[in-house]
Amino acid sequence: MRLAPLAKGIGPMMRVVLDTNVWLDWLVFDDPVVEPIRAAVRSTQAEIVIDDACEAELARALGYPLGRRTPDARRQAELLAECRANSIRLTRSGQPPGIPLPTCRDPDDQMFLELARDGGARVLVTRDRALLELARPRRTPLPFRIVAPHGFDEWYTAVRSEGARGGLSA
């Protein structure tokens with residue numbers, strides 16, 4: 001596994017994974033619920049991790065009918081470029097996976113769990129119910145948190161204040 005170097009910023013950088021719907025909220029719908037994520041990225045306190053599989057799913061989703069905001073081919077390319085400009089790419093090296101993960105009941109969403117684990121993410125931000133179900137406490141905790149977009153700001157604020165006090169937790 002290889003990642004681009006961490007961006008320089010004040011305090012520890014935290015890695016974030018966004019599922020496809022949250023990327024659509026960011027890129028297409030300009031949903032204010034993603035503003036705390038944008039702000040964390042802009043301030044270089046967080047960086048978004050993506051891989052080829054997740055980007056390919058985003059590219060497919062950008063081609064789906066999205067109501068009056070459905071982007072044409074030129075706009076789809078611009079939106080993918082914006083995604084790339086706001087994320088770092090995980091390149092898999094063929095190493096065996098690390099910590100075992102639960103199996104998501106929607107097999108199409110398993111890649112987000114794997115990306116969060118393999119990319120060293122602190123949090124996976126999702127609207128997907130199958131992924132959010134996995135956020136519940138478990139005997140073997142996940143190495144990252146799973147939160148809905150509206151819960152990111154509260155989680156991020158708590159983690160930042162813990163970091164300021166010297167303790168960082170997922």
# chains A, B, ... in the order shown; residues from 1 in each chain; ligands from 1
call {"tool": "residues_around", "arguments": {"residues": "stretch 41-54 of chain A", "least_positions_apart": "5", "cutoff": "6 Å", "atoms": "only C-alpha atoms", "output": "PyMOL selection string"}}
result
chain A and resi 9+13-17+87-90
call {"tool": "write_last_selection", "arguments": {"atoms": "N, CA and C atoms", "output": "mmCIF file, in the first residue's frame"}}
result
data_model
loop_
_atom_site.group_PDB
_atom_site.id
_atom_site.type_symbol
_atom_site.label_atom_id
_atom_site.label_comp_id
_atom_site.auth_asym_id
_atom_site.auth_seq_id
_atom_site.Cartn_x
_atom_site.Cartn_y
_atom_site.Cartn_z
ATOM 1 N N GLY A 9 0.294 20.730 7.983
ATOM 2 C CA GLY A 9 -0.721 21.536 8.630
ATOM 3 C C GLY A 9 -0.426 21.611 10.111
ATOM 4 N N MET A 13 -2.654 15.352 11.107
ATOM 5 C CA MET A 13 -3.544 15.193 9.960
ATOM 6 C C MET A 13 -4.389 13.954 10.185
ATOM 7 N N MET A 14 -5.655 14.029 9.882
ATOM 8 C CA MET A 14 -6.473 12.834 9.978
ATOM 9 C C MET A 14 -6.994 12.480 8.594
ATOM 10 N N ARG A 15 -6.996 11.202 8.326
ATOM 11 C CA ARG A 15 -7.461 10.707 7.040
ATOM 12 C C ARG A 15 -8.941 10.368 7.133
ATOM 13 N N VAL A 16 -9.642 10.656 6.037
ATOM 14 C CA VAL A 16 -11.088 10.509 5.957
ATOM 15 C C VAL A 16 -11.421 9.759 4.666
ATOM 16 N N VAL A 17 -12.409 8.883 4.709
ATOM 17 C CA VAL A 17 -12.949 8.247 3.514
ATOM 18 C C VAL A 17 -14.388 8.712 3.370
ATOM 19 N N SER A 87 -8.254 14.950 -2.739
ATOM 20 C CA SER A 87 -8.020 13.646 -2.128
ATOM 21 C C SER A 87 -6.622 13.153 -2.465
ATOM 22 N N ILE A 88 -6.210 12.144 -1.732
ATOM 23 C CA ILE A 88 -4.963 11.453 -2.041
ATOM 24 C C ILE A 88 -5.326 10.035 -2.452
ATOM 25 N N ARG A 89 -4.510 9.460 -3.286
ATOM 26 C CA ARG A 89 -4.805 8.141 -3.840
ATOM 27 C C ARG A 89 -4.068 7.047 -3.089
ATOM 28 N N LEU A 90 -4.817 6.008 -2.723
ATOM 29 C CA LEU A 90 -4.240 4.807 -2.149
ATOM 30 C C LEU A 90 -3.917 3.869 -3.302
#
call {"tool": "atom_distance", "arguments": {"atom1": "atom CA of A:Ala130", "atom2": "atom CA of A:Gly63"}}
result
23.3 Å
call {"tool": "residues_around", "arguments": {"residues": "A:Asp19", "least_positions_apart": "5", "cutoff": "12 Å", "atoms": "only C-alpha atoms", "output": "ChimeraX atom specification"}}
result
/A:24-26,48-51,53-58,61,108-116,123-132,146-149
call {"tool": "closest_residue", "arguments": {"among": "A:Arg74, A:Arg117, A:His150, A:Leu80", "to": "A:Arg60", "atoms": "only C-alpha atoms"}}
result
A:Leu80
call {"tool": "select_by_dssp", "arguments": {"residues": "stretch 6-167 of chain A", "states": "alpha helix (DSSP H)", "output": "ChimeraX atom specification"}}
result
/A:20-27,35-42,52-62,73-85,110-118,129-133,149-164
call {"tool": "closest_residue", "arguments": {"among": "A:Gly67, A:Cys83, A:Pro102, A:Phe29", "to": "A:Thr140", "atoms": "only C-alpha atoms"}}
result
A:Pro102
call {"tool": "atom_distance", "arguments": {"atom1": "atom CA of A:Leu27", "atom2": "atom CA of A:Ala135"}}
result
25.1 Å
call {"tool": "atom_distance", "arguments": {"atom1": "atom CA of A:Phe144", "atom2": "atom CA of A:Ser93"}}
result
21.2 Å
